[in-house]
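Accompanying notes for the structure given below.
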Amino acid sequence: LRAKPDFHDSELYAKWTEEYGFGQEAILFAAGRLKGSRPNMTKLDGMLSDYYRFRKFSPAEMAEHDRRRTGQRELALTLCRRLGEYVPDLSPVIEHYVSPWTDQGFDEKTLETVADYCFQSGIRTLEGMKNLLEKFKKLGLLSLDSITAFLDEQAERERFLKEVLEAAGIVREVNSYDRSNYRLWSLEWGLPDEVILAAARRSKGLSPVRTVHRLLSACKAQNIRTAAGVEALSPEPAPPKKREEGVGHAYSKDELTAIFDDIQKSELF
C-alpha cells in the first residue's frame with residue numbers, strides 16, 4: 001500500500017502483536033499473501049484473525065493452513081455440486097462440515113463418493129450427509145473400502161429380505177419393520193438365513209408375519225438350525241395346555257418390578 005500508516009493502522013498492529021501475539025515475521029508473511037488481491041488493512045486484519053482462530057502463529061503454520069484451506073474450499077465446492085445444494089459462501093461449509101469431516105479421518109475421495117450416494121438416495125443437503133457420516137463414524141467406517149463393504153453387505157441383506165417376503169407370499173417393498181425383524185432373528189436369536197427363508201415358505205397362505213415369528217421362536221427355543229428342522233414344525237399354533245387350577249407361578253409386585261427393570265436395562269435383551 002502506498003498510503004502512510006494512520007492511527008487506525010497503529011491500533012490494528014497493537015491488536016495483532018499484543019492481543020493475538022503475532023511476531024513481525026508472521027505479520028509480514030500474511031501481508032505478502034494479500035499482495036495482488038486489492039489488499040487493505042481490513043483484509044489483513046481478517047486474515048490474521050482467521051490465523052489466530054486456528055492457532056497458526058508462524059509463517060510455516062500459516063502456509064500449511066492456507067494449502068489445507070485451498071484444498072478444503074475446492075472439496076466444499078465439489079461436495080455442494082454433487083449434492084445439488086447451492087451455497088453462496090463456502091466458509092461456513094468448510095468450518096462446519098468439511099474441516100470436521102477431514103479431521104475425523106474421512107478423505108477427499110470418500111467424501112465425494114458418499115456425496116454421490118447421498119444424491120442418488122434422495123439426500124440432497126450437507127446436513128443430511130453429516131447425519132449419514134455420523135452413523136458411519138459410530139460404526140468405525142472411515143475409509144471408502146470399509147464403507148463400500150458395509151453398503152455391499154446391506155444391499156445383500158435387502159435382496160435376501162425381498163426373497164423372504166416373496167417366499168411368504170407378501171407383495172410389497174422391504175421396509176424398516178422387515179429390517180428390524182431380521183436383526184432380531186439373525187443377530188439376537190442367532191438363526192441362519194436358511195432357517196429364516198424356510199420359515200417364510202412354511203408361512204405362505206397363512207398370516208405370514210405372525211407365522212414366521214412363531215416358527216422362528218420355536219426354532220430358537222428348540223435350537224433348530226436347518227431348513228429340514230423348520231419343515232418338521234407345524235405352522236399352526238399348538239392349542240394351549242389346560243392349566244390345572246392352582247398350578248402356576250405367582251409373583252409379587254416387587255419381584256415383577258425388579259425382573260422387568262433388569263430386562264429393560266440388560267444388554268442381553
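Each chain of the C-alpha cells is named A, B, ... in the order shown, its residues numbered from 1; ligands are numbered from 1 in display order.
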
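Look at Tyr52 in chain A: the protein and nucleic acid residues within 12 Å of it, using only C-alpha atoms and passing over chain neighbours fewer than 6 places away, are Lys15, Trp16, Thr17, Glu19, Tyr20, Gly21, Phe22, Ala26, Ile27, Ala30, Asp45, Gly46, Ser58, Glu61, Met62 and His65 of chain A.
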
Counting only C-alpha atoms, give me one row per residue of range 9-97 of chain A with an atom at most 7 Å from an atom of range 114-123 of chain A, showing the shortest contact pair and its distance in Å to one decimal, sorted by chain then residue number, as a tab-separated table.
residue	atom	partner	partner_atom	distance
A:Leu79	CA	A:Ala115	CA	6.2
A:Arg82	CA	A:Asp116	CA	6.0
A:Leu83	CA	A:Phe119	CA	5.3

Within 12 Å of Ala232 in chain A, counting only C-alpha atoms, which residues show up once you throw out same-chain ones fewer than 3 positions away? Write them as a PDB file with all heavy atoms, in the first residue's frame, please.
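Result written to selection11.pdb:
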ATOM      1  N   VAL A 195     -32.788 -70.934   7.687  1.00  0.00           N
ATOM      2  CA  VAL A 195     -33.901 -71.192   8.609  1.00  0.00           C
ATOM      3  C   VAL A 195     -34.970 -70.108   8.454  1.00  0.00           C
ATOM      4  O   VAL A 195     -36.170 -70.397   8.424  1.00  0.00           O
ATOM      5  CB  VAL A 195     -33.388 -71.260  10.058  1.00  0.00           C
ATOM      6  CG1 VAL A 195     -34.551 -71.265  11.054  1.00  0.00           C
ATOM      7  CG2 VAL A 195     -32.526 -72.505  10.250  1.00  0.00           C
ATOM      8  N   ALA A 198     -36.782 -70.724   5.183  1.00  0.00           N
ATOM      9  CA  ALA A 198     -37.652 -71.901   5.295  1.00  0.00           C
ATOM     10  C   ALA A 198     -38.912 -71.566   6.075  1.00  0.00           C
ATOM     11  O   ALA A 198     -40.016 -72.012   5.730  1.00  0.00           O
ATOM     12  CB  ALA A 198     -36.896 -73.052   5.960  1.00  0.00           C
ATOM     13  N   ALA A 199     -38.787 -70.751   7.131  1.00  0.00           N
ATOM     14  CA  ALA A 199     -39.952 -70.340   7.916  1.00  0.00           C
ATOM     15  C   ALA A 199     -40.887 -69.487   7.075  1.00  0.00           C
ATOM     16  O   ALA A 199     -42.119 -69.589   7.191  1.00  0.00           O
ATOM     17  CB  ALA A 199     -39.499 -69.579   9.157  1.00  0.00           C
ATOM     18  N   ARG A 202     -42.916 -71.781   4.846  1.00  0.00           N
ATOM     19  CA  ARG A 202     -43.947 -72.503   5.610  1.00  0.00           C
ATOM     20  C   ARG A 202     -45.114 -71.598   5.974  1.00  0.00           C
ATOM     21  O   ARG A 202     -46.206 -72.079   6.293  1.00  0.00           O
ATOM     22  CB  ARG A 202     -43.331 -73.061   6.896  1.00  0.00           C
ATOM     23  CG  ARG A 202     -42.286 -74.154   6.692  1.00  0.00           C
ATOM     24  CD  ARG A 202     -42.931 -75.493   6.383  1.00  0.00           C
ATOM     25  NE  ARG A 202     -43.500 -76.072   7.579  1.00  0.00           N
ATOM     26  CZ  ARG A 202     -44.416 -77.026   7.596  1.00  0.00           C
ATOM     27  NH1 ARG A 202     -44.897 -77.473   6.442  1.00  0.00           N
ATOM     28  NH2 ARG A 202     -44.875 -77.528   8.712  1.00  0.00           N
ATOM     29  N   LEU A 215     -42.764 -69.556  14.125  1.00  0.00           N
ATOM     30  CA  LEU A 215     -41.871 -70.647  13.720  1.00  0.00           C
ATOM     31  C   LEU A 215     -40.429 -70.378  14.160  1.00  0.00           C
ATOM     32  O   LEU A 215     -39.739 -71.271  14.662  1.00  0.00           O
ATOM     33  CB  LEU A 215     -41.933 -70.844  12.210  1.00  0.00           C
ATOM     34  CG  LEU A 215     -43.208 -71.477  11.654  1.00  0.00           C
ATOM     35  CD1 LEU A 215     -43.207 -71.424  10.137  1.00  0.00           C
ATOM     36  CD2 LEU A 215     -43.343 -72.920  12.143  1.00  0.00           C
ATOM     37  N   ALA A 218     -39.942 -70.875  17.803  1.00  0.00           N
ATOM     38  CA  ALA A 218     -39.811 -72.302  18.111  1.00  0.00           C
ATOM     39  C   ALA A 218     -38.419 -72.806  17.749  1.00  0.00           C
ATOM     40  O   ALA A 218     -37.829 -73.625  18.462  1.00  0.00           O
ATOM     41  CB  ALA A 218     -40.880 -73.085  17.358  1.00  0.00           C
ATOM     42  N   CYS A 219     -37.870 -72.324  16.633  1.00  0.00           N
ATOM     43  CA  CYS A 219     -36.509 -72.711  16.239  1.00  0.00           C
ATOM     44  C   CYS A 219     -35.494 -72.292  17.289  1.00  0.00           C
ATOM     45  O   CYS A 219     -34.565 -73.040  17.617  1.00  0.00           O
ATOM     46  CB  CYS A 219     -36.156 -72.084  14.892  1.00  0.00           C
ATOM     47  SG  CYS A 219     -37.050 -72.794  13.493  1.00  0.00           S
ATOM     48  N   GLN A 222     -35.970 -74.526  20.397  1.00  0.00           N
ATOM     49  CA  GLN A 222     -35.581 -75.932  20.207  1.00  0.00           C
ATOM     50  C   GLN A 222     -34.204 -76.082  19.556  1.00  0.00           C
ATOM     51  O   GLN A 222     -33.808 -77.186  19.194  1.00  0.00           O
ATOM     52  CB  GLN A 222     -36.646 -76.630  19.353  1.00  0.00           C
ATOM     53  CG  GLN A 222     -38.035 -76.621  19.984  1.00  0.00           C
ATOM     54  CD  GLN A 222     -39.092 -77.220  19.071  1.00  0.00           C
ATOM     55  OE1 GLN A 222     -38.827 -78.189  18.343  1.00  0.00           O
ATOM     56  NE2 GLN A 222     -40.295 -76.655  19.094  1.00  0.00           N
ATOM     57  N   ILE A 224     -33.145 -75.251  16.615  1.00  0.00           N
ATOM     58  CA  ILE A 224     -33.222 -75.742  15.233  1.00  0.00           C
ATOM     59  C   ILE A 224     -32.404 -74.824  14.346  1.00  0.00           C
ATOM     60  O   ILE A 224     -32.619 -73.614  14.320  1.00  0.00           O
ATOM     61  CB  ILE A 224     -34.687 -75.805  14.762  1.00  0.00           C
ATOM     62  CG1 ILE A 224     -35.453 -76.844  15.577  1.00  0.00           C
ATOM     63  CG2 ILE A 224     -34.759 -76.119  13.274  1.00  0.00           C
ATOM     64  CD1 ILE A 224     -36.940 -76.850  15.308  1.00  0.00           C
ATOM     65  N   THR A 226     -31.524 -75.790  10.870  1.00  0.00           N
ATOM     66  CA  THR A 226     -31.561 -76.245   9.481  1.00  0.00           C
ATOM     67  C   THR A 226     -32.957 -76.051   8.909  1.00  0.00           C
ATOM     68  O   THR A 226     -33.957 -76.018   9.651  1.00  0.00           O
ATOM     69  CB  THR A 226     -31.181 -77.727   9.360  1.00  0.00           C
ATOM     70  OG1 THR A 226     -32.173 -78.519  10.046  1.00  0.00           O
ATOM     71  CG2 THR A 226     -29.800 -77.982   9.951  1.00  0.00           C
ATOM     72  N   ALA A 227     -33.019 -75.972   7.572  1.00  0.00           N
ATOM     73  CA  ALA A 227     -34.319 -75.853   6.902  1.00  0.00           C
ATOM     74  C   ALA A 227     -35.159 -77.096   7.128  1.00  0.00           C
ATOM     75  O   ALA A 227     -36.385 -77.016   7.264  1.00  0.00           O
ATOM     76  CB  ALA A 227     -34.102 -75.610   5.407  1.00  0.00           C
ATOM     77  N   ALA A 228     -34.503 -78.258   7.170  1.00  0.00           N
ATOM     78  CA  ALA A 228     -35.235 -79.510   7.403  1.00  0.00           C
ATOM     79  C   ALA A 228     -35.923 -79.484   8.761  1.00  0.00           C
ATOM     80  O   ALA A 228     -37.045 -79.990   8.922  1.00  0.00           O
ATOM     81  CB  ALA A 228     -34.279 -80.699   7.307  1.00  0.00           C
ATOM     82  N   GLY A 229     -35.252 -78.905   9.744  1.00  0.00           N
ATOM     83  CA  GLY A 229     -35.861 -78.807  11.075  1.00  0.00           C
ATOM     84  C   GLY A 229     -37.096 -77.931  11.068  1.00  0.00           C
ATOM     85  O   GLY A 229     -38.078 -78.221  11.768  1.00  0.00           O
ATOM     86  N   PRO A 235     -46.896 -75.165  11.136  1.00  0.00           N
ATOM     87  CA  PRO A 235     -47.059 -73.712  11.043  1.00  0.00           C
ATOM     88  C   PRO A 235     -48.246 -73.182  11.848  1.00  0.00           C
ATOM     89  O   PRO A 235     -48.367 -71.990  12.082  1.00  0.00           O
ATOM     90  CB  PRO A 235     -47.264 -73.480   9.544  1.00  0.00           C
ATOM     91  CG  PRO A 235     -47.853 -74.749   9.054  1.00  0.00           C
ATOM     92  CD  PRO A 235     -47.240 -75.845   9.881  1.00  0.00           C
ATOM     93  N   GLU A 236     -49.153 -74.096  12.251  1.00  0.00           N
ATOM     94  CA  GLU A 236     -50.313 -73.690  13.036  1.00  0.00           C
ATOM     95  C   GLU A 236     -49.949 -73.683  14.516  1.00  0.00           C
ATOM     96  O   GLU A 236     -49.187 -74.538  14.977  1.00  0.00           O
ATOM     97  CB  GLU A 236     -51.489 -74.647  12.803  1.00  0.00           C
ATOM     98  CG  GLU A 236     -51.959 -74.699  11.359  1.00  0.00           C
ATOM     99  CD  GLU A 236     -52.645 -73.414  10.928  1.00  0.00           C
ATOM    100  OE1 GLU A 236     -52.940 -72.588  11.801  1.00  0.00           O
ATOM    101  OE2 GLU A 236     -52.876 -73.246   9.724  1.00  0.00           O
TER     102      GLU A 236
END

As a PyMOL selection string, which residues of range 78-230 of chain A does DSSP assign to alpha helix (DSSP H)? chain A and resi 78-83+91-93+99-104+108-120+126-138+144-167+176-182+193-203+208-222+227-230

Go ahead and save the residues from that selection, with C-alpha atoms, as a CSV table (one decimal), in the first residue's frame.
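The result, written out as again20.csv:
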chain,number,residue,atom,x,y,z
A,78,THR,CA,-17.3,-30.3,-5.2
A,79,LEU,CA,-19.5,-31.7,-2.4
A,80,CYS,CA,-22.1,-28.9,-2.8
A,81,ARG,CA,-22.2,-29.6,-6.6
A,82,ARG,CA,-22.6,-33.3,-6.1
A,83,LEU,CA,-25.3,-32.9,-3.6
A,91,SER,CA,-16.6,-20.5,4.5
A,92,PRO,CA,-19.4,-22.0,6.8
A,93,VAL,CA,-19.4,-25.2,4.7
A,99,SER,CA,-13.0,-29.4,8.2
A,100,PRO,CA,-14.6,-31.6,10.9
A,101,TRP,CA,-15.0,-34.5,8.5
A,102,THR,CA,-11.4,-34.4,7.3
A,103,ASP,CA,-10.3,-34.1,11.0
A,104,GLN,CA,-12.3,-37.2,11.8
A,108,GLU,CA,-11.5,-36.5,-0.1
A,109,LYS,CA,-12.4,-39.5,-2.3
A,110,THR,CA,-14.5,-41.0,0.4
A,111,LEU,CA,-16.5,-37.8,1.0
A,112,GLU,CA,-17.0,-37.3,-2.8
A,113,THR,CA,-18.3,-40.8,-3.1
A,114,VAL,CA,-20.6,-40.6,-0.1
A,115,ALA,CA,-22.0,-37.3,-1.6
A,116,ASP,CA,-22.8,-39.2,-4.8
A,117,TYR,CA,-24.5,-41.9,-2.8
A,118,CYS,CA,-26.5,-39.3,-0.9
A,119,PHE,CA,-27.7,-37.6,-4.0
A,120,GLN,CA,-28.8,-40.9,-5.6
A,126,LEU,CA,-24.9,-31.2,3.7
A,127,GLU,CA,-26.8,-31.7,7.0
A,128,GLY,CA,-28.3,-34.9,5.7
A,129,MET,CA,-24.8,-36.1,4.6
A,130,LYS,CA,-23.5,-35.1,8.0
A,131,ASN,CA,-26.1,-37.4,9.7
A,132,LEU,CA,-25.1,-40.3,7.5
A,133,LEU,CA,-21.3,-39.7,8.1
A,134,GLU,CA,-22.0,-39.6,11.9
A,135,LYS,CA,-23.5,-43.1,11.6
A,136,PHE,CA,-20.6,-44.4,9.6
A,137,LYS,CA,-18.2,-42.9,12.2
A,138,LYS,CA,-20.0,-44.7,15.1
A,144,LEU,CA,-14.0,-45.8,1.2
A,145,ASP,CA,-13.3,-49.5,1.3
A,146,SER,CA,-14.9,-50.1,4.6
A,147,ILE,CA,-18.0,-48.0,3.7
A,148,THR,CA,-18.3,-49.8,0.4
A,149,ALA,CA,-18.0,-53.2,2.1
A,150,PHE,CA,-20.7,-52.2,4.6
A,151,LEU,CA,-23.0,-51.0,1.8
A,152,ASP,CA,-22.5,-54.2,-0.1
A,153,GLU,CA,-23.5,-56.1,3.0
A,154,GLN,CA,-26.6,-54.0,3.4
A,155,ALA,CA,-27.6,-54.4,-0.3
A,156,GLU,CA,-27.2,-58.2,0.1
A,157,ARG,CA,-29.5,-58.1,3.1
A,158,GLU,CA,-32.1,-56.1,1.2
A,159,ARG,CA,-32.0,-58.7,-1.6
A,160,PHE,CA,-32.4,-61.5,0.9
A,161,LEU,CA,-35.3,-59.8,2.7
A,162,LYS,CA,-37.0,-59.4,-0.7
A,163,GLU,CA,-36.6,-63.1,-1.2
A,164,VAL,CA,-38.1,-63.8,2.3
A,165,LEU,CA,-41.1,-61.6,1.5
A,166,GLU,CA,-41.7,-63.3,-1.8
A,167,ALA,CA,-41.4,-66.8,-0.2
A,176,SER,CA,-37.9,-50.8,8.3
A,177,TYR,CA,-40.1,-53.3,10.1
A,178,ASP,CA,-38.7,-56.1,8.0
A,179,ARG,CA,-35.1,-55.0,8.7
A,180,SER,CA,-35.9,-54.8,12.4
A,181,ASN,CA,-37.3,-58.3,12.4
A,182,TYR,CA,-34.3,-59.6,10.5
A,193,ASP,CA,-30.7,-67.3,6.8
A,194,GLU,CA,-31.7,-70.7,5.5
A,195,VAL,CA,-33.9,-71.2,8.6
A,196,ILE,CA,-35.5,-67.7,8.2
A,197,LEU,CA,-36.2,-68.4,4.5
A,198,ALA,CA,-37.7,-71.9,5.3
A,199,ALA,CA,-40.0,-70.3,7.9
A,200,ALA,CA,-41.1,-67.8,5.3
A,201,ARG,CA,-42.0,-70.6,2.9
A,202,ARG,CA,-43.9,-72.5,5.6
A,203,SER,CA,-45.9,-69.3,6.3
A,208,PRO,CA,-47.3,-64.7,7.2
A,209,VAL,CA,-45.6,-62.3,9.5
A,210,ARG,CA,-47.2,-63.8,12.6
A,211,THR,CA,-46.4,-67.3,11.5
A,212,VAL,CA,-42.8,-66.6,10.7
A,213,HIS,CA,-42.3,-65.1,14.2
A,214,ARG,CA,-44.0,-68.2,15.7
A,215,LEU,CA,-41.9,-70.6,13.7
A,216,LEU,CA,-38.6,-68.8,14.3
A,217,SER,CA,-39.4,-68.5,18.0
A,218,ALA,CA,-39.8,-72.3,18.1
A,219,CYS,CA,-36.5,-72.7,16.2
A,220,LYS,CA,-34.7,-70.6,18.8
A,221,ALA,CA,-36.3,-72.5,21.7
A,222,GLN,CA,-35.6,-75.9,20.2
A,227,ALA,CA,-34.3,-75.9,6.9
A,228,ALA,CA,-35.2,-79.5,7.4
A,229,GLY,CA,-35.9,-78.8,11.1
A,230,VAL,CA,-38.2,-76.0,10.1

Could you please determine the separation between CA of Arg33 in chain A and CA of Tyr51 in chain A in Å, to one decimal place? 12.4 Å

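Separating CA of Ser10 in chain A from CA of Leu34 in chain A is a distance of 18.8 Å.
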
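Relative to CA of Ser143 in chain A, CA of Phe106 in chain A is found at 6.5 Å.
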